[in-house]
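Dropping structure-v5.txt in here (compact mmCIF, C-alpha atoms):
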# COMPACT_ATOMS: atom_id res chain seq x y z
CA MET A 1 -47.99 -7.38 0.34
CA VAL A 2 -46.97 -4.74 -2.19
CA LYS A 3 -43.90 -2.64 -2.88
CA ILE A 4 -44.33 1.06 -2.10
CA ALA A 5 -42.10 3.95 -3.17
CA VAL A 6 -42.11 7.11 -1.08
CA ALA A 7 -40.72 10.01 -3.12
CA ALA A 8 -39.01 12.97 -1.39
CA PRO A 9 -39.22 11.67 2.19
CA GLY A 10 -39.63 14.83 4.29
CA GLN A 11 -41.36 15.24 7.62
CA VAL A 12 -44.90 14.28 6.58
CA ALA A 13 -43.62 11.47 4.37
CA ARG A 14 -41.58 9.92 7.18
CA GLU A 15 -44.53 9.98 9.59
CA ILE A 16 -46.71 8.15 7.05
CA THR A 17 -43.87 5.78 6.18
CA GLU A 18 -43.53 4.82 9.85
CA VAL A 19 -47.17 3.71 9.80
CA LEU A 20 -46.73 1.73 6.59
CA VAL A 21 -43.65 -0.04 7.93
CA ALA A 22 -45.39 -0.79 11.24
CA THR A 23 -48.06 -2.82 9.42
CA GLY A 24 -45.36 -5.32 8.51
CA LYS A 25 -47.18 -5.97 5.25
CA HIS A 26 -45.21 -4.06 2.64
CA GLU A 27 -41.77 -3.43 1.20
CA VAL A 28 -41.04 0.30 1.28
CA ILE A 29 -38.35 2.15 -0.63
CA THR A 30 -37.66 5.88 -0.39
CA LEU A 31 -36.52 8.01 -3.31
CA ALA A 32 -34.46 11.12 -2.55
CA ARG A 33 -32.36 13.49 -4.64
CA ARG A 34 -29.44 13.13 -2.22
CA ASP A 35 -28.01 10.57 0.16
CA LEU A 36 -30.07 10.62 3.33
CA VAL A 37 -28.43 10.99 6.73
CA PRO A 38 -29.23 8.21 9.24
CA GLU A 39 -31.90 10.18 11.13
CA GLU A 40 -33.80 10.75 7.88
CA ILE A 41 -34.08 7.04 7.12
CA VAL A 42 -37.11 5.24 8.51
CA GLU A 43 -36.02 1.89 9.88
CA GLY A 44 -37.28 -0.92 7.68
CA THR A 45 -37.07 1.06 4.44
CA THR A 46 -34.54 1.03 1.62
CA PRO A 47 -33.31 4.50 0.59
CA LEU A 48 -32.36 5.17 -3.02
CA LYS A 49 -30.72 8.27 -4.47
CA VAL A 50 -32.40 9.30 -7.73
CA ASP A 51 -32.56 12.16 -10.21
CA PHE A 52 -36.15 13.43 -10.22
CA HIS A 53 -35.57 14.99 -13.63
CA ASN A 54 -34.40 11.74 -15.22
CA LYS A 55 -37.30 9.52 -16.32
CA ASP A 56 -35.14 6.49 -17.09
CA ASP A 57 -33.37 6.70 -13.74
CA LEU A 58 -36.68 6.89 -11.92
CA ALA A 59 -38.30 4.12 -13.97
CA LYS A 60 -35.41 1.81 -13.10
CA ALA A 61 -35.88 2.55 -9.39
CA LEU A 62 -39.65 1.97 -9.69
CA ARG A 63 -39.50 -1.50 -11.25
CA GLY A 64 -41.82 -3.79 -9.31
CA VAL A 65 -43.40 -0.91 -7.38
CA HIS A 66 -47.16 -1.08 -6.91
CA THR A 67 -47.84 2.34 -5.34
CA VAL A 68 -45.95 5.63 -5.45
CA LEU A 69 -46.56 8.24 -2.75
CA SER A 70 -45.09 11.61 -3.71
CA PHE A 71 -44.13 14.30 -1.20
CA VAL A 72 -42.15 16.58 -3.51
CA VAL A 73 -42.18 20.06 -1.93
CA ALA A 74 -44.26 22.38 -4.11
CA GLN A 75 -42.00 25.39 -3.55
CA ASN A 76 -38.99 23.39 -4.75
CA ASP A 77 -40.78 22.23 -7.90
CA PRO A 78 -42.55 25.36 -9.21
CA GLU A 79 -43.20 23.95 -12.69
CA ALA A 80 -44.02 20.48 -11.35
CA THR A 81 -41.14 19.13 -13.44
CA ALA A 82 -40.11 16.57 -10.83
CA GLN A 83 -43.67 15.37 -10.32
CA LYS A 84 -44.38 15.12 -14.04
CA THR A 85 -41.20 13.11 -14.54
CA LEU A 86 -42.15 10.89 -11.61
CA ILE A 87 -45.58 10.32 -13.19
CA ASP A 88 -44.01 9.44 -16.55
CA ALA A 89 -41.55 7.08 -14.88
CA SER A 90 -44.35 5.43 -12.90
CA ILE A 91 -46.26 4.74 -16.11
CA ALA A 92 -43.12 3.41 -17.81
CA ALA A 93 -42.40 1.11 -14.86
CA GLY A 94 -45.94 -0.25 -14.72
CA VAL A 95 -46.87 1.30 -11.35
CA LYS A 96 -50.54 0.72 -10.52
CA ARG A 97 -51.30 3.60 -8.15
CA PHE A 98 -49.95 7.10 -7.71
CA ALA A 99 -50.50 9.76 -5.04
CA PRO A 100 -49.17 13.18 -6.09
CA SER A 101 -47.77 15.60 -3.53
CA GLU A 102 -51.00 16.96 -2.07
CA TRP A 103 -51.39 16.38 1.71
CA PHE A 104 -53.19 19.69 2.28
CA VAL A 105 -56.35 21.30 0.86
CA ALA A 106 -58.01 21.41 -2.56
CA ARG A 107 -57.89 25.10 -3.50
CA PHE A 108 -54.93 27.48 -3.46
CA THR A 109 -56.43 30.81 -4.56
CA HIS A 110 -54.62 32.60 -1.73
CA LEU A 111 -51.86 30.04 -1.20
CA LYS A 112 -49.92 30.56 -4.41
CA TRP A 113 -46.79 28.74 -3.27
CA ASN A 114 -48.80 25.53 -3.76
CA ASP A 115 -49.68 26.22 -7.41
CA SER A 116 -47.39 23.47 -8.73
CA LYS A 117 -49.79 20.98 -7.15
CA LEU A 118 -52.37 22.19 -9.68
CA LEU A 119 -49.94 21.53 -12.52
CA ALA A 120 -49.45 17.96 -11.31
CA ARG A 121 -53.22 17.48 -11.13
CA ASP A 122 -53.62 18.75 -14.69
CA TYR A 123 -50.88 16.44 -15.90
CA LEU A 124 -52.52 13.39 -14.32
CA GLU A 125 -55.78 14.33 -16.04
CA GLU A 126 -53.91 14.71 -19.32
CA VAL A 127 -52.18 11.32 -19.25
CA ASN A 128 -55.49 9.62 -18.44
CA LYS A 129 -57.71 11.56 -20.87
CA ASN A 130 -58.04 8.68 -23.34
CA GLY A 131 -58.51 6.00 -20.69
CA LYS A 132 -56.99 5.15 -17.34
CA VAL A 133 -53.24 4.78 -17.63
CA LEU A 134 -52.39 5.40 -13.99
CA GLU A 135 -54.80 5.17 -11.07
CA TYR A 136 -54.32 8.11 -8.73
CA CYS A 137 -55.73 9.87 -5.68
CA LEU A 138 -55.29 13.39 -4.30
CA PHE A 139 -54.95 12.77 -0.55
CA GLN A 140 -56.25 15.94 1.16
CA PRO A 141 -56.39 15.97 4.98
CA GLY A 142 -56.62 19.73 5.54
CA LEU A 143 -54.45 21.00 8.38
CA PHE A 144 -52.68 18.67 10.76
CA THR A 145 -54.39 18.68 14.16
CA ASP A 146 -50.89 18.19 15.61
CA TYR A 147 -50.20 21.89 14.96
CA HIS A 148 -52.33 22.68 18.02
CA ALA A 149 -49.34 21.66 20.14
CA ASN A 150 -46.64 24.24 20.79
CA GLU A 151 -43.80 21.73 20.83
CA ASN A 152 -42.69 18.84 18.66
CA ILE A 153 -44.66 15.82 19.77
CA ASN A 154 -44.09 13.58 16.75
CA LYS A 155 -41.02 11.67 15.68
CA HIS A 156 -40.65 13.56 12.40
CA LEU A 157 -43.39 16.18 11.93
CA LYS A 158 -42.36 19.47 13.49
CA THR A 159 -44.78 21.96 15.01
CA ASN A 160 -45.91 24.38 12.31
CA ASP A 161 -47.22 27.73 13.50
CA PHE A 162 -49.74 27.94 10.68
CA LEU A 163 -52.85 28.19 12.83
CA PRO A 164 -54.60 31.49 13.64
CA ILE A 165 -55.11 30.34 17.22
CA ASP A 166 -52.32 30.51 19.77
CA PHE A 167 -53.07 28.21 22.71
CA ALA A 168 -49.88 29.10 24.55
CA ASN A 169 -50.69 32.83 24.65
CA ARG A 170 -54.48 32.44 24.58
CA ARG A 171 -55.21 34.51 21.48
CA LEU A 172 -56.97 34.13 18.12
CA LEU A 173 -56.90 35.92 14.79
CA ALA A 174 -60.05 35.62 12.65
CA PRO A 175 -60.76 36.82 9.08
CA GLY A 176 -63.76 39.10 9.62
CA SER A 177 -65.74 36.75 11.86
CA LEU A 178 -65.63 33.48 13.78
CA GLU A 179 -67.77 31.70 11.18
CA PRO A 180 -65.03 30.36 8.82
CA ARG A 181 -64.46 26.63 9.03
CA PHE A 182 -61.46 24.37 8.49
CA THR A 183 -60.66 20.68 8.52
CA ALA A 184 -58.02 19.24 10.84
CA THR A 185 -56.70 15.65 10.83
CA THR A 186 -53.92 14.17 12.96
CA ILE A 187 -50.85 12.91 11.12
CA GLN A 188 -51.41 9.50 12.75
CA ASP A 189 -54.91 9.31 11.30
CA VAL A 190 -53.59 10.34 7.87
CA GLY A 191 -50.99 7.57 8.04
CA ASN A 192 -53.59 5.02 9.12
CA ILE A 193 -55.93 5.96 6.27
CA VAL A 194 -53.11 5.79 3.72
CA ALA A 195 -52.19 2.34 5.03
CA LYS A 196 -55.82 1.24 4.66
CA ALA A 197 -55.96 2.81 1.18
CA ILE A 198 -52.93 0.76 0.10
CA GLU A 199 -54.87 -2.41 0.93
CA TYR A 200 -58.19 -1.14 -0.45
CA GLU A 201 -59.30 -3.40 -3.28
CA GLY A 202 -61.61 -0.88 -4.91
CA GLU A 203 -60.50 1.89 -7.24
CA TRP A 204 -59.03 4.91 -5.52
CA PRO A 205 -61.20 8.06 -5.67
CA LYS A 206 -59.51 10.84 -7.63
CA ILE A 207 -60.27 13.30 -4.83
CA GLY A 208 -59.36 11.72 -1.51
CA GLY A 209 -60.50 13.95 1.32
CA ILE A 210 -59.57 12.76 4.81
CA ALA A 211 -61.66 14.73 7.28
CA GLY A 212 -60.61 14.22 10.87
CA GLU A 213 -62.94 16.99 12.00
CA THR A 214 -64.34 20.10 10.37
CA LEU A 215 -65.13 22.95 12.75
CA SER A 216 -65.56 26.72 12.85
CA LEU A 217 -63.26 29.24 14.46
CA ALA A 218 -66.02 29.80 17.02
CA GLN A 219 -65.89 26.11 17.94
CA GLU A 220 -62.10 26.23 17.98
CA LEU A 221 -62.21 29.22 20.32
CA ALA A 222 -64.68 27.47 22.65
CA ILE A 223 -62.37 24.45 22.85
CA GLY A 224 -59.39 26.67 23.59
CA GLU A 225 -61.11 28.61 26.35
CA LYS A 226 -62.52 25.43 27.87
CA ILE A 227 -59.23 23.57 27.95
CA ARG A 228 -57.01 26.55 28.81
CA GLY A 229 -59.44 27.87 31.42
CA LYS A 230 -59.36 31.55 30.41
CA LYS A 231 -60.81 33.88 27.81
CA PHE A 232 -58.75 34.32 24.65
CA ASP A 233 -57.93 37.69 23.08
CA VAL A 234 -59.78 37.70 19.76
CA GLU A 235 -58.92 39.98 16.83
CA LEU A 236 -61.30 40.21 13.88
CA LEU A 237 -59.12 41.30 10.96
CA ASP A 238 -60.38 43.45 8.11
CA LEU A 239 -60.71 41.31 4.97
CA ASP A 240 -60.38 44.21 2.54
CA SER A 241 -57.04 45.17 4.10
CA LEU A 242 -55.84 41.58 3.83
CA ARG A 243 -56.88 41.48 0.17
CA ARG A 244 -54.84 44.63 -0.44
CA GLY A 245 -51.83 42.93 1.09
CA GLU A 246 -51.95 45.00 4.27
CA TRP A 247 -51.32 43.06 7.46
CA ASN A 248 -53.57 44.47 10.20
CA GLY A 249 -53.05 41.96 12.98
CA SER A 250 -51.11 42.67 16.18
CA TRP A 251 -49.13 39.43 15.92
CA VAL A 252 -48.06 36.79 13.46
CA LYS A 253 -46.27 33.51 14.02
CA PRO A 254 -42.95 33.17 12.15
CA LEU A 255 -43.10 30.15 9.88
CA ASP A 256 -40.66 27.36 10.67
CA HIS A 257 -41.20 25.18 7.61
CA PRO A 258 -37.99 23.68 6.12
CA SER A 259 -38.70 25.48 2.83
CA VAL A 260 -38.21 28.92 4.45
CA GLN A 261 -35.48 28.21 6.97
CA HIS A 262 -32.79 29.37 4.54
CA LEU A 263 -34.28 32.87 4.32
CA ASP A 264 -32.85 35.78 6.30
CA GLU A 265 -34.89 37.04 9.25
CA GLU A 266 -36.44 40.04 7.48
CA THR A 267 -37.45 38.09 4.38
CA ARG A 268 -38.80 35.25 6.49
CA ALA A 269 -40.88 37.68 8.56
CA ALA A 270 -42.33 39.25 5.40
CA PHE A 271 -43.12 35.82 3.97
CA SER A 272 -44.74 34.79 7.26
CA ARG A 273 -47.08 37.82 7.15
CA ALA A 274 -47.95 37.16 3.50
CA ALA A 275 -48.52 33.46 4.12
CA PHE A 276 -50.63 34.15 7.20
CA SER A 277 -52.70 36.70 5.27
CA GLY A 278 -53.25 34.16 2.50
CA PHE A 279 -54.20 31.52 5.03
CA LEU A 280 -56.79 33.79 6.66
CA LEU A 281 -58.27 34.74 3.28
CA ALA A 282 -58.44 31.03 2.36
CA LEU A 283 -60.23 30.42 5.66
CA ALA A 284 -62.73 33.20 4.95
CA GLU A 285 -63.56 31.74 1.54
CA GLY A 286 -63.97 28.15 2.72
CA ASP A 287 -60.81 26.84 1.09
CA MET A 288 -59.57 25.16 4.28
CA VAL A 289 -62.41 22.62 4.33
CA VAL A 290 -61.78 19.28 2.61
CA SER A 291 -64.13 16.54 1.48
CA ASP A 292 -64.57 13.14 3.15
CA GLU A 293 -64.18 10.46 0.46
CA TRP A 294 -61.94 8.22 2.59
CA ASN A 295 -64.19 8.67 5.64
CA ARG A 296 -67.05 7.23 3.61
CA ILE A 297 -64.94 4.37 2.27
CA PHE A 298 -63.83 3.45 5.81
CA PRO A 299 -66.90 4.44 7.90
CA ASP A 300 -65.82 2.44 10.96
CA TYR A 301 -62.53 4.28 11.38
CA LYS A 302 -62.53 6.57 14.44
CA PHE A 303 -60.67 9.83 13.97
CA THR A 304 -59.13 11.87 16.78
CA GLY A 305 -61.12 15.09 17.21
CA VAL A 306 -59.62 18.50 17.89
CA GLU A 307 -60.93 18.73 21.45
CA GLU A 308 -59.59 15.28 22.28
CA PHE A 309 -56.17 16.19 20.90
CA VAL A 310 -56.06 19.61 22.57
CA SER A 311 -57.17 18.15 25.89
CA ASN A 312 -54.55 15.41 25.78
CA PHE A 313 -51.80 17.95 25.11
CA TRP A 314 -52.81 21.09 27.01
CA VAL A 315 -54.53 19.94 30.19
CA GLY A 316 -52.24 20.63 33.12
CA ARG A 317 -49.89 22.92 31.19
CA PRO A 318 -49.31 26.53 32.31
Mind converting the file's structure to structure tokens?
Amino acid sequence: MVKIAVAAPGQVAREITEVLVATGKHEVITLARRDLVPEEIVEGTTPLKVDFHNKDDLAKALRGVHTVLSFVVAQNDPEATAQKTLIDASIAAGVKRFAPSEWFVARFTHLKWNDSKLLARDYLEEVNKNGKVLEYCLFQPGLFTDYHANENINKHLKTNDFLPIDFANRRLLAPGSLEPRFTATTIQDVGNIVAKAIEYEGEWPKIGGIAGETLSLAQELAIGEKIRGKKFDVELLDLDSLRRGEWNGSWVKPLDHPSVQHLDEETRAAFSRAAFSGFLLALAEGDMVVSDEWNRIFPDYKFTGVEEFVSNFWVGRP
């Protein structure tokens, strides 16, 4: 049994925390910049209000903690100040393991709102350059398979319309061709792997890919048409236009992520088009595929595939 600190407990964090608590093996505290309302508190955890810019405050909260899992929202921490302070406080408190706020893919060439993740990576490299001071792992599961549903099916994670395939309306947007590939992993599988990683006695890999399934848009389309029973409308978008910042698709899903909900409708629509363009360009350049370090460490773990998930959700629905 170890003590775990979950920093900035948003949707993804709470789903993973539920899994950790369910093991019954660990003490879990959550660190937030404000007092959490009851529905934000995972039963079985201890919430603490902290200042993420105050190293001493954080170090005090982290006394006795073995592992820190950070979920600081990149857009809210553009200079990675909160994450760097959390890293410094973890070292000061004697924390053994640290997971920075990754939980996505490895490269952000076209996903600039994630650039602060790169700053946190660089800082971890810097503090360990003369020898390991803090063991860490970049947990990278790709996209959440759960986004294939068109309604909220999880306790905390909300449906995010960040997929170029629309199962409800039987349509697909593709960057130039159907060849680009991406990795998708269910949030339950991510939580299970993190729980196993907590108990793993070996050293954590610095890059921690969690690959539920990696498939092409062509395979994704075949699954959609098989399960939904009809042909999908497919649009192959011009990559040069996307690179010039020109949206040339006939539709785009408005983003519903908490980080953009405060924006007015026009600004949110513009951001959605820009984000979707960036996502498609990342797809085209292979940036949405992650590695499989944790799959190889736990070879007997069975992941939920995309077709299995889609079938379980969509079969029988209009």
Could you work out how far CA of Pro180 (chain A) lies from CA of Leu283 (chain A), giving the answer in Å with one decimal? 5.7 Å
Residues near Phe309 (chain A), cut-off 12 Å, all atoms listed in the file, skip fewer than 5 positions along chain, as a list in words: Phe144, Thr145, Asp146, Tyr147, His148, Ala149, Ile153, Ala184, Thr185, Thr186, Ile187, Gln188, Asp189, Gly212, Glu213, Ile223, Gly224, Ile227, Phe303, Thr304, Trp314 and Val315 of chain A
Hey, can you spit out that residue selection with C-alpha atoms as a PDB file, keeping the file's coordinate frame?
ATOM      1  CA  PHE A 144     -52.680  18.670  10.760  1.00  0.00           C
ATOM      2  CA  THR A 145     -54.390  18.680  14.160  1.00  0.00           C
ATOM      3  CA  ASP A 146     -50.890  18.190  15.610  1.00  0.00           C
ATOM      4  CA  TYR A 147     -50.200  21.890  14.960  1.00  0.00           C
ATOM      5  CA  HIS A 148     -52.330  22.680  18.020  1.00  0.00           C
ATOM      6  CA  ALA A 149     -49.340  21.660  20.140  1.00  0.00           C
ATOM      7  CA  ILE A 153     -44.660  15.820  19.770  1.00  0.00           C
ATOM      8  CA  ALA A 184     -58.020  19.240  10.840  1.00  0.00           C
ATOM      9  CA  THR A 185     -56.700  15.650  10.830  1.00  0.00           C
ATOM     10  CA  THR A 186     -53.920  14.170  12.960  1.00  0.00           C
ATOM     11  CA  ILE A 187     -50.850  12.910  11.120  1.00  0.00           C
ATOM     12  CA  GLN A 188     -51.410   9.500  12.750  1.00  0.00           C
ATOM     13  CA  ASP A 189     -54.910   9.310  11.300  1.00  0.00           C
ATOM     14  CA  GLY A 212     -60.610  14.220  10.870  1.00  0.00           C
ATOM     15  CA  GLU A 213     -62.940  16.990  12.000  1.00  0.00           C
ATOM     16  CA  ILE A 223     -62.370  24.450  22.850  1.00  0.00           C
ATOM     17  CA  GLY A 224     -59.390  26.670  23.590  1.00  0.00           C
ATOM     18  CA  ILE A 227     -59.230  23.570  27.950  1.00  0.00           C
ATOM     19  CA  PHE A 303     -60.670   9.830  13.970  1.00  0.00           C
ATOM     20  CA  THR A 304     -59.130  11.870  16.780  1.00  0.00           C
ATOM     21  CA  TRP A 314     -52.810  21.090  27.010  1.00  0.00           C
ATOM     22  CA  VAL A 315     -54.530  19.940  30.190  1.00  0.00           C
TER      23      VAL A 315
END
Could I get the residues of region 59-144 of chain A with an atom no further than 12 Å from an atom of region 32-49 of chain A, each paired with its nearest atom pair and that distance in Å to one decimal, using all atoms listed in the file, sorted by chain and residue number, as a tab-separated table?
residue	atom	partner	partner_atom	distance
A:Lys60	CA	A:Leu48	CA	11.1
A:Ala61	CA	A:Leu48	CA	7.7
A:Leu62	CA	A:Leu48	CA	10.4
A:Ser70	CA	A:Ala32	CA	10.7
A:Phe71	CA	A:Ala32	CA	10.3
A:Val72	CA	A:Ala32	CA	9.5
A:Val73	CA	A:Ala32	CA	11.8
A:Asn76	CA	A:Arg33	CA	11.9
A:Ala82	CA	A:Arg33	CA	10.4
A:Leu86	CA	A:Ala32	CA	11.9
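Of the residues listed (A:Lys302, A:Asn114, A:Leu157, A:Lys96), A:Lys96 shows the shortest atom-to-atom separation from Lys132 (chain A); distances use all atoms listed in the file.
Nearest residue to Ala195 (chain A), choosing from A:Glu225, A:Trp294, A:Val310, A:Phe104 and counting all atoms listed in the file: A:Trp294.
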Work out how far CA of Tyr136 (chain A) is from CA of Glu201 (chain A), in Å to one decimal. 13.7 Å
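Rounded to one decimal, CA of Glu135 (chain A) and CA of Lys206 (chain A) lie 8.1 Å from each other.
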